[in-house]
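A.B. asks: What follows is the file work-v5.cif, containing mmCIF, C-alpha atoms and all ligand atoms:
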data_final
#
loop_
_atom_site.label_atom_id
_atom_site.label_comp_id
_atom_site.auth_asym_id
_atom_site.auth_seq_id
_atom_site.Cartn_x
_atom_site.Cartn_y
_atom_site.Cartn_z
CA MET W 480 20.26 2.80 -13.20
CA THR W 481 20.78 -0.63 -11.69
CA ASP W 482 18.13 -3.07 -10.53
CA ARG W 483 19.28 -2.62 -6.94
CA PRO W 484 16.40 -2.49 -4.42
CA ALA W 485 15.31 1.02 -3.45
CA GLY W 486 17.44 2.43 -0.70
CA GLU W 487 20.40 0.13 -1.20
CA ILE W 488 23.74 1.64 -2.12
CA GLU W 489 26.53 -0.39 -3.60
CA GLY W 490 29.70 -0.61 -1.51
CA GLY W 491 32.44 1.94 -1.90
CA GLY W 492 30.50 4.81 -3.41
CA ALA W 493 31.83 6.83 -6.30
CA VAL W 494 33.69 10.08 -6.59
CA ARG W 495 31.48 12.71 -8.19
CA SER W 496 33.42 14.61 -10.78
CA GLY W 497 34.22 18.03 -9.43
CA ALA W 498 32.99 16.99 -5.99
CA ALA W 499 34.29 18.79 -2.96
CA GLY W 500 36.89 16.91 -0.98
CA PRO W 501 40.61 16.47 -1.29
CA PRO W 502 41.68 13.49 -3.38
CA GLY W 503 41.79 10.48 -1.15
CA ALA W 504 39.96 12.04 1.78
CA ALA W 505 36.26 11.42 1.18
CA ASP W 506 34.01 10.01 -1.53
CA ILE W 507 30.46 11.04 -2.15
CA LEU W 508 28.22 8.13 -1.24
CA ILE W 509 24.67 9.48 -1.50
CA THR W 510 23.77 12.82 -3.05
CA ALA W 511 21.41 15.34 -1.49
CA SER W 512 18.91 14.72 -4.27
CA GLN W 513 19.00 10.94 -3.75
CA ILE W 514 18.41 11.57 -0.05
CA ALA W 515 15.53 13.96 -0.77
CA GLN W 516 13.87 11.44 -3.08
CA ARG W 517 14.18 8.58 -0.59
CA VAL W 518 12.93 10.73 2.31
CA GLU W 519 9.86 11.63 0.24
CA GLU W 520 9.19 7.90 -0.35
CA LEU W 521 9.57 7.09 3.34
CA GLY W 522 7.40 10.05 4.30
CA SER W 523 4.63 8.93 2.02
CA GLU W 524 4.79 5.33 3.31
CA LEU W 525 4.80 6.44 6.94
CA GLY W 526 2.07 9.01 6.32
CA HIS W 527 -0.17 6.18 5.14
CA LEU W 528 0.82 3.99 8.07
CA TYR W 529 -0.19 6.62 10.61
CA ARG W 530 -3.04 8.34 8.76
CA ASP W 531 -5.67 6.97 11.20
CA SER W 532 -3.63 7.51 14.37
CA VAL W 533 -5.58 9.38 17.02
CA PRO W 534 -3.89 11.09 18.77
CA PRO W 535 -1.28 11.72 16.07
CA PRO W 536 2.02 9.84 16.07
CA VAL W 537 5.01 11.13 17.99
CA LEU W 538 8.27 11.24 16.07
CA VAL W 539 11.15 10.84 18.52
CA GLY W 540 14.38 12.24 17.13
CA VAL W 541 17.68 11.09 18.58
CA LEU W 542 19.92 14.13 18.93
CA LYS W 543 21.91 15.33 17.28
CA GLY W 544 22.43 13.20 14.18
CA SER W 545 18.79 12.70 13.21
CA ALA W 546 17.82 16.39 13.32
CA LEU W 547 18.11 17.00 9.56
CA PHE W 548 16.45 13.72 8.61
CA LEU W 549 13.59 14.32 11.02
CA ALA W 550 13.07 17.86 9.76
CA ASP W 551 12.72 16.63 6.17
CA LEU W 552 10.77 13.48 7.02
CA ILE W 553 8.08 15.21 9.07
CA ARG W 554 7.37 17.62 6.23
CA SER W 555 6.84 14.76 3.81
CA LEU W 556 4.37 12.82 6.01
CA GLY W 557 1.34 14.82 4.92
CA ILE W 558 -0.45 14.13 8.23
CA ASP W 559 -0.60 15.68 11.67
CA ALA W 560 2.33 14.59 13.87
CA GLU W 561 4.14 15.61 17.03
CA VAL W 562 7.90 15.77 17.63
CA ASP W 563 9.96 15.07 20.71
CA PHE W 564 13.69 14.52 21.22
CA MET W 565 16.06 12.41 23.23
CA ALA W 566 19.80 12.73 23.60
CA ILE W 567 22.07 9.97 24.75
CA SER W 568 25.68 9.79 25.76
CA SER W 569 27.93 8.09 23.27
CA TYR W 570 30.14 5.23 24.25
CA SER W 571 33.43 4.07 22.90
CA ALA W 572 34.19 0.52 21.99
CA SER W 573 37.80 1.08 23.03
CA SER W 574 36.75 2.23 26.50
CA GLY W 575 35.41 -1.21 27.29
CA GLN W 576 32.04 0.53 27.80
CA SER W 577 30.57 -0.72 24.57
CA GLY W 578 26.80 -0.83 24.78
CA VAL W 579 26.63 1.42 27.82
CA VAL W 580 24.22 4.16 26.85
CA ARG W 581 22.88 6.89 29.11
CA ILE W 582 20.01 9.27 28.51
CA VAL W 583 21.25 12.85 28.82
CA LYS W 584 18.01 14.45 27.61
CA ASP W 585 14.72 12.65 27.98
CA LEU W 586 11.39 13.13 26.22
CA GLU W 587 9.30 16.06 27.37
CA GLY W 588 6.01 14.31 26.71
CA ASP W 589 4.27 11.17 27.90
CA ILE W 590 4.05 8.44 25.23
CA VAL W 591 1.61 6.06 26.98
CA GLY W 592 -0.88 4.84 24.37
CA ARG W 593 0.82 6.79 21.56
CA ASP W 594 2.10 5.60 18.20
CA VAL W 595 5.81 6.30 18.46
CA LEU W 596 8.23 6.46 15.56
CA LEU W 597 11.85 6.49 16.62
CA VAL W 598 13.87 8.47 14.07
CA GLU W 599 17.55 7.52 13.84
CA ASP W 600 20.31 8.78 11.59
CA ILE W 601 22.23 5.50 11.45
CA VAL W 602 22.13 2.02 12.93
CA ASP W 603 25.60 0.58 13.23
CA THR W 604 26.23 -2.11 15.88
CA GLY W 605 22.60 -1.80 16.99
CA LEU W 606 23.51 -1.22 20.64
CA THR W 607 22.10 2.30 20.83
CA LEU W 608 18.86 1.35 19.13
CA THR W 609 18.44 -1.69 21.37
CA TYR W 610 18.75 0.53 24.43
CA LEU W 611 16.39 3.19 23.07
CA ARG W 612 13.73 0.69 22.05
CA ARG W 613 13.82 -0.90 25.47
CA SER W 614 13.58 2.46 27.21
CA LEU W 615 10.69 3.66 25.04
CA GLY W 616 8.95 0.28 25.06
CA GLU W 617 8.82 0.32 28.88
CA ARG W 618 6.70 3.49 28.69
CA ARG W 619 3.76 1.58 27.18
CA PRO W 620 3.32 3.26 23.79
CA ARG W 621 0.52 1.85 21.60
CA SER W 622 3.11 1.05 18.94
CA LEU W 623 6.84 1.55 18.54
CA LYS W 624 8.62 1.50 15.20
CA THR W 625 12.01 2.68 14.00
CA VAL W 626 12.98 4.52 10.86
CA THR W 627 16.67 5.05 10.19
CA LEU W 628 18.14 6.98 7.32
CA LEU W 629 21.16 4.67 7.11
CA ASP W 630 21.69 1.05 8.04
CA LYS W 631 25.16 -0.51 8.28
CA VAL W 632 23.82 -4.04 8.39
CA ALA W 633 27.27 -5.62 8.12
CA ARG W 634 28.32 -4.06 11.44
CA ARG W 635 25.39 -5.31 13.51
CA ILE W 636 26.36 -7.10 16.70
CA VAL W 637 22.91 -7.23 18.26
CA PRO W 638 19.81 -8.05 16.22
CA VAL W 639 17.29 -5.24 16.57
CA PRO W 640 14.12 -4.50 14.64
CA VAL W 641 14.46 -1.72 12.04
CA GLU W 642 11.09 -1.41 10.37
CA TYR W 643 11.98 1.34 7.90
CA ARG W 644 15.30 2.43 6.46
CA GLY W 645 16.45 4.88 3.86
CA PHE W 646 19.62 3.22 2.62
CA GLU W 647 21.70 0.19 3.43
CA ILE W 648 25.33 1.28 3.34
CA PRO W 649 28.62 -0.63 3.53
CA ASP W 650 31.00 -0.57 6.49
CA VAL W 651 32.35 2.94 5.96
CA PHE W 652 32.39 5.99 8.21
CA VAL W 653 30.06 8.64 6.82
CA VAL W 654 29.60 12.36 7.38
CA GLY W 655 27.05 14.87 6.15
CA TYR W 656 23.25 15.31 6.30
CA GLY W 657 23.32 15.33 10.10
CA LEU W 658 26.14 12.85 10.64
CA ASP W 659 29.32 14.18 12.17
CA PHE W 660 32.91 13.56 12.96
CA MET W 661 33.71 15.21 16.31
CA GLY W 662 30.79 17.60 15.85
CA ARG W 663 31.83 18.64 12.36
CA TYR W 664 30.32 18.22 8.90
CA ARG W 665 26.66 17.76 9.92
CA ASN W 666 25.66 20.57 7.56
CA VAL W 667 27.22 19.08 4.44
CA PRO W 668 24.14 18.41 2.26
CA ASP W 669 25.47 15.23 0.59
CA LEU W 670 26.61 12.13 2.41
CA TYR W 671 30.32 11.32 2.18
CA ALA W 672 32.31 8.22 3.05
CA VAL W 673 35.54 9.08 4.83
CA ARG W 674 38.39 7.15 3.24
CA ASP W 675 40.97 7.41 5.96
CA LEU W 676 39.42 7.80 9.38
CA ALA W 677 42.80 7.74 11.13
CA ARG W 678 43.91 10.70 9.04
CA LEU W 679 40.74 12.61 9.92
CA ALA W 680 41.15 11.75 13.59
CA ASN W 681 44.62 13.23 13.38
CA ASP W 682 43.30 16.38 11.73
CA PRO W 683 39.53 16.78 12.36
CA GLU W 684 39.44 19.93 10.21
CA LEU W 685 40.80 18.09 7.17
CA LEU W 686 37.54 18.31 5.27
CA VAL W 687 36.46 21.83 6.26
CA GLY W 688 38.28 23.59 3.42
CA PRO W 689 37.35 21.08 0.74
CA PHE W 690 33.69 20.99 1.77
CA PHE W 691 33.19 24.68 2.36
CA GLY W 692 36.06 26.48 0.61
CA PRO W 693 37.45 29.85 1.60
CA GLU W 694 34.14 31.60 0.85
CA PRO W 695 30.67 30.51 2.01
CA THR W 696 29.36 27.97 -0.50
CA VAL W 697 26.36 29.17 -2.51
CA ARG W 698 24.06 26.31 -3.44
CA THR W 699 21.76 26.82 -6.38
P1 LIG L 701 25.38 1.91 17.16
O1 LIG L 701 26.75 1.31 16.98
O2 LIG L 701 24.35 1.26 16.28
O3 LIG L 701 25.01 1.91 18.61
O4 LIG L 701 25.48 3.42 16.68
C1 LIG L 701 25.90 4.40 17.57
C2 LIG L 701 26.04 5.75 17.00
O5 LIG L 701 27.32 5.80 16.37
C3 LIG L 701 25.11 6.26 15.94
O6 LIG L 701 23.85 6.73 16.42
C4 LIG L 701 25.92 7.39 15.38
O7 LIG L 701 25.80 8.54 16.19
C5 LIG L 701 27.32 6.86 15.48
N1 LIG L 701 27.80 6.37 14.18
C6 LIG L 701 27.90 5.10 13.75
N2 LIG L 701 28.40 5.05 12.51
C7 LIG L 701 28.63 6.34 12.15
C8 LIG L 701 29.13 6.95 10.95
O8 LIG L 701 29.47 6.30 9.94
N3 LIG L 701 29.20 8.31 10.96
C9 LIG L 701 28.83 9.07 12.02
N4 LIG L 701 28.35 8.54 13.14
C10 LIG L 701 28.24 7.18 13.21
#
Will you turn the file into structure tokens for me?
Ligand code: IMP
C.D. replies:
Amino acid sequence: MTDRPAGEIEGGGAVRSGAAGPPGAADILITASQIAQRVEELGSELGHLYRDSVPPPVLVGVLKGSALFLADLIRSLGIDAEVDFMAISSYSASSGQSGVVRIVKDLEGDIVGRDVLLVEDIVDTGLTLTYLRRSLGERRPRSLKTVTLLDKVARRIVPVPVEYRGFEIPDVFVVGYGLDFMGRYRNVPDLYAVRDLARLANDPELLVGPFFGPEPTVRT
């Protein structure tokens, strides 16, 4: 163990011996058990924060990446809570549309006067979160806070409040535990750092065999 603060992962990650993944393609960054432990800690902290909320807090998941995190987090709160979802269109920095975010699925419920917890998978440049916080803030919730599983602080281009985070990670592209590359790899239980994104872009199925093998993987 190091004396690193909870939730902070050293840059680069490490290759787990015997880990799935072709040599040179992806390195395990955070294991499923490290994630589970940190989500429990966050759940307990947030459960205390909202224990007196009446009506109960609304957890707003941002589809699709936060689905797994939200599912685990809400079960570790230990208090009554509601769930709603939003989906937004992604933008591409290369399109010159950076920061342009559009809601493609809005909340079903009204959040006026509610304690709202925005649940994100990852905060990268901060543009998406800035947009979402503005949009939700305009709806007059009683409180609005953000919890993100992962925070790439080094990539931030707009300062945005992130009240709770699972792990600070270095500037690497990650897949697994809800995070995808072109829709793939969300259901990989551990979190992996992709070594060569250009290679994966060229062959998006590159990691399918190594992660899942020819037969369905049995996890014990
Ligand atoms: P933003 O740059 O903070 O606006 O983040 C935008 C979105 O990019 C996130 O919500 C993710 O969907 C996606 N994203 C950023 N970094 C990664 C990554 O390392 N893996 C997978 N998706 C990512």
A.B. asks: Give me, as a ChimeraX atom specification, the set of residues whose atoms come within 10 Å of any atom of ligand LIG 701 (chain L), counting only C-alpha atoms and all ligand atoms.
C.D. replies: /W:541-545,567-572,577-580,599-611,627,629-632,634-637,639,648-655,657-662,664-665,670-673
A.B. asks: One decimal, in Å: what's the spacing between atom CA of Phe691 of chain W and atom CA of Ala677 of chain W?
C.D. replies: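 Here the two named atoms are 21.4 Å from each other.
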A.B. asks: Work out how far atom CA of Arg613 of chain W is from atom CA of Arg593 of chain W, in Å to one decimal.
C.D. replies: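 So the answer is 15.6 Å.
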A.B. asks: Just how far from atom CA of Phe548 of chain W is atom CA of Tyr656 of chain W, in Å to one decimal?
C.D. replies: 7.4 Å
A.B. asks: List the neighbours of Val537 of chain W out to 9 Å using only C-alpha atoms; skip same-chain residues closer than 3 positions along the sequence, and give me the result as a PyMOL selection string.
C.D. replies: chain W and resi 534+560-563+590+593-597
A.B. asks: Ranking W:Gly645, W:Pro668, W:Pro535, W:Gly688 by minimum distance to Arg517 of chain W and counting all atoms listed in the file, which one comes first?
C.D. replies: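 Among W:Gly645, W:Pro668, W:Pro535, W:Gly688, it is W:Gly645 that comes nearest to Arg517 of chain W.
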A.B. asks: Closest to Gly540 of chain W among W:Leu676, W:Met565, W:Val667, W:Leu525, using only C-alpha atoms?
C.D. replies: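 Among W:Leu676, W:Met565, W:Val667, W:Leu525, it is W:Met565 that comes nearest to Gly540 of chain W.
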A.B. asks: With only C-alpha atoms as the basis for distance, which of W:Leu679, W:Leu685, W:Val626, W:Ala546 is at the shortest distance from Glu524 of chain W?
C.D. replies: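 Under the stated criterion, the closest residue is W:Val626.
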A.B. asks: For Leu508 of chain W, which of W:Arg674, W:Leu521, W:Asp559, W:Leu586 is the closest residue, counting all atoms listed in the file?
C.D. replies: W:Arg674
A.B. asks: Which residues come within 12 Å of Ile558 of chain W, counting only C-alpha atoms, excluding same-chain residues fewer than 6 positions away, as a list in words?
C.D. replies: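 Answer for this query is Gly522, Ser523, Glu524, Leu525, Gly526, His527, Leu528, Tyr529, Arg530, Asp531, Ser532, Val533, Pro534, Pro535, Pro536, Val537 and Leu552 of chain W.
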A.B. asks: Taking all atoms listed in the file into account, which of W:Val591, W:Leu615, W:Val518, W:Ile507 comes nearest Phe646 of chain W?
C.D. replies: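 Distance minimum relative to Phe646 of chain W lands on W:Val518.
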A.B. asks: Generate the coordinates of all heavy atoms for segment 524-535 of chain W; report them as a CSV table (one decimal), in the coordinates of the input.
C.D. replies:
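What follows is the written file out.csv:
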chain,number,residue,atom,x,y,z
W,524,GLU,N,5.1,6.6,2.7
W,524,GLU,CA,4.8,5.3,3.3
W,524,GLU,C,4.3,5.5,4.8
W,524,GLU,O,3.3,4.9,5.2
W,524,GLU,CB,6.1,4.5,3.2
W,524,GLU,CG,5.8,3.0,3.3
W,524,GLU,CD,7.1,2.2,3.0
W,524,GLU,OE1,8.1,2.7,2.5
W,524,GLU,OE2,7.1,1.0,3.3
W,525,LEU,N,5.1,6.3,5.5
W,525,LEU,CA,4.8,6.4,6.9
W,525,LEU,C,3.5,7.3,7.1
W,525,LEU,O,2.8,7.0,8.1
W,525,LEU,CB,6.0,7.1,7.7
W,525,LEU,CG,7.2,6.1,7.8
W,525,LEU,CD1,8.5,6.9,8.1
W,525,LEU,CD2,6.9,5.0,8.8
W,526,GLY,N,3.3,8.2,6.2
W,526,GLY,CA,2.1,9.0,6.3
W,526,GLY,C,0.8,8.1,6.2
W,526,GLY,O,-0.2,8.3,6.9
W,527,HIS,N,0.9,7.1,5.3
W,527,HIS,CA,-0.2,6.2,5.1
W,527,HIS,C,-0.3,5.3,6.4
W,527,HIS,O,-1.4,5.0,6.8
W,527,HIS,CB,0.0,5.3,3.9
W,527,HIS,CG,-0.4,6.0,2.7
W,527,HIS,ND1,0.4,6.8,1.9
W,527,HIS,CD2,-1.6,6.1,2.1
W,527,HIS,CE1,-0.3,7.3,0.9
W,527,HIS,NE2,-1.5,6.9,1.0
W,528,LEU,N,0.8,4.9,6.9
W,528,LEU,CA,0.8,4.0,8.1
W,528,LEU,C,0.1,4.7,9.2
W,528,LEU,O,-0.7,4.0,10.0
W,528,LEU,CB,2.3,3.7,8.5
W,528,LEU,CG,2.4,2.8,9.7
W,528,LEU,CD1,2.0,1.3,9.4
W,528,LEU,CD2,3.9,2.9,10.3
W,529,TYR,N,0.3,5.9,9.4
W,529,TYR,CA,-0.2,6.6,10.6
W,529,TYR,C,-1.4,7.5,10.3
W,529,TYR,O,-1.8,8.3,11.1
W,529,TYR,CB,0.9,7.5,11.2
W,529,TYR,CG,2.0,6.7,11.8
W,529,TYR,CD1,3.3,6.8,11.4
W,529,TYR,CD2,1.8,5.8,12.9
W,529,TYR,CE1,4.4,6.1,11.9
W,529,TYR,CE2,2.8,5.0,13.4
W,529,TYR,CZ,4.1,5.2,13.0
W,529,TYR,OH,5.2,4.5,13.5
W,530,ARG,N,-2.0,7.4,9.1
W,530,ARG,CA,-3.0,8.3,8.8
W,530,ARG,C,-4.2,8.3,9.7
W,530,ARG,O,-5.0,9.2,9.9
W,530,ARG,CB,-3.4,8.2,7.3
W,530,ARG,CG,-4.2,6.9,7.0
W,530,ARG,CD,-4.6,6.7,5.6
W,530,ARG,NE,-5.0,5.3,5.6
W,530,ARG,CZ,-4.8,4.5,4.5
W,530,ARG,NH1,-4.4,5.0,3.4
W,530,ARG,NH2,-5.1,3.2,4.6
W,531,ASP,N,-4.5,7.1,10.3
W,531,ASP,CA,-5.7,7.0,11.2
W,531,ASP,C,-5.3,7.1,12.7
W,531,ASP,O,-6.1,6.8,13.5
W,531,ASP,CB,-6.4,5.6,11.0
W,531,ASP,CG,-6.9,5.5,9.5
W,531,ASP,OD1,-7.4,6.6,9.0
W,531,ASP,OD2,-6.9,4.4,8.9
W,532,SER,N,-4.1,7.4,13.0
W,532,SER,CA,-3.6,7.5,14.4
W,532,SER,C,-4.3,8.7,15.1
W,532,SER,O,-4.2,9.8,14.7
W,532,SER,CB,-2.1,7.7,14.5
W,532,SER,OG,-1.4,6.5,14.1
W,533,VAL,N,-5.0,8.4,16.2
W,533,VAL,CA,-5.6,9.4,17.0
W,533,VAL,C,-5.2,9.0,18.5
W,533,VAL,O,-5.6,7.9,18.9
W,533,VAL,CB,-7.1,9.4,16.9
W,533,VAL,CG1,-7.7,10.5,17.8
W,533,VAL,CG2,-7.5,9.6,15.4
W,534,PRO,N,-4.5,9.8,19.2
W,534,PRO,CA,-3.9,11.1,18.8
W,534,PRO,C,-2.8,10.8,17.7
W,534,PRO,O,-2.4,9.7,17.5
W,534,PRO,CB,-3.3,11.7,20.1
W,534,PRO,CG,-3.1,10.5,21.0
W,534,PRO,CD,-4.2,9.5,20.6
W,535,PRO,N,-2.3,11.9,17.1
W,535,PRO,CA,-1.3,11.7,16.1
W,535,PRO,C,0.0,11.1,16.6
W,535,PRO,O,0.3,11.1,17.8
W,535,PRO,CB,-1.0,13.2,15.6
W,535,PRO,CG,-1.5,14.0,16.6
W,535,PRO,CD,-2.6,13.3,17.4
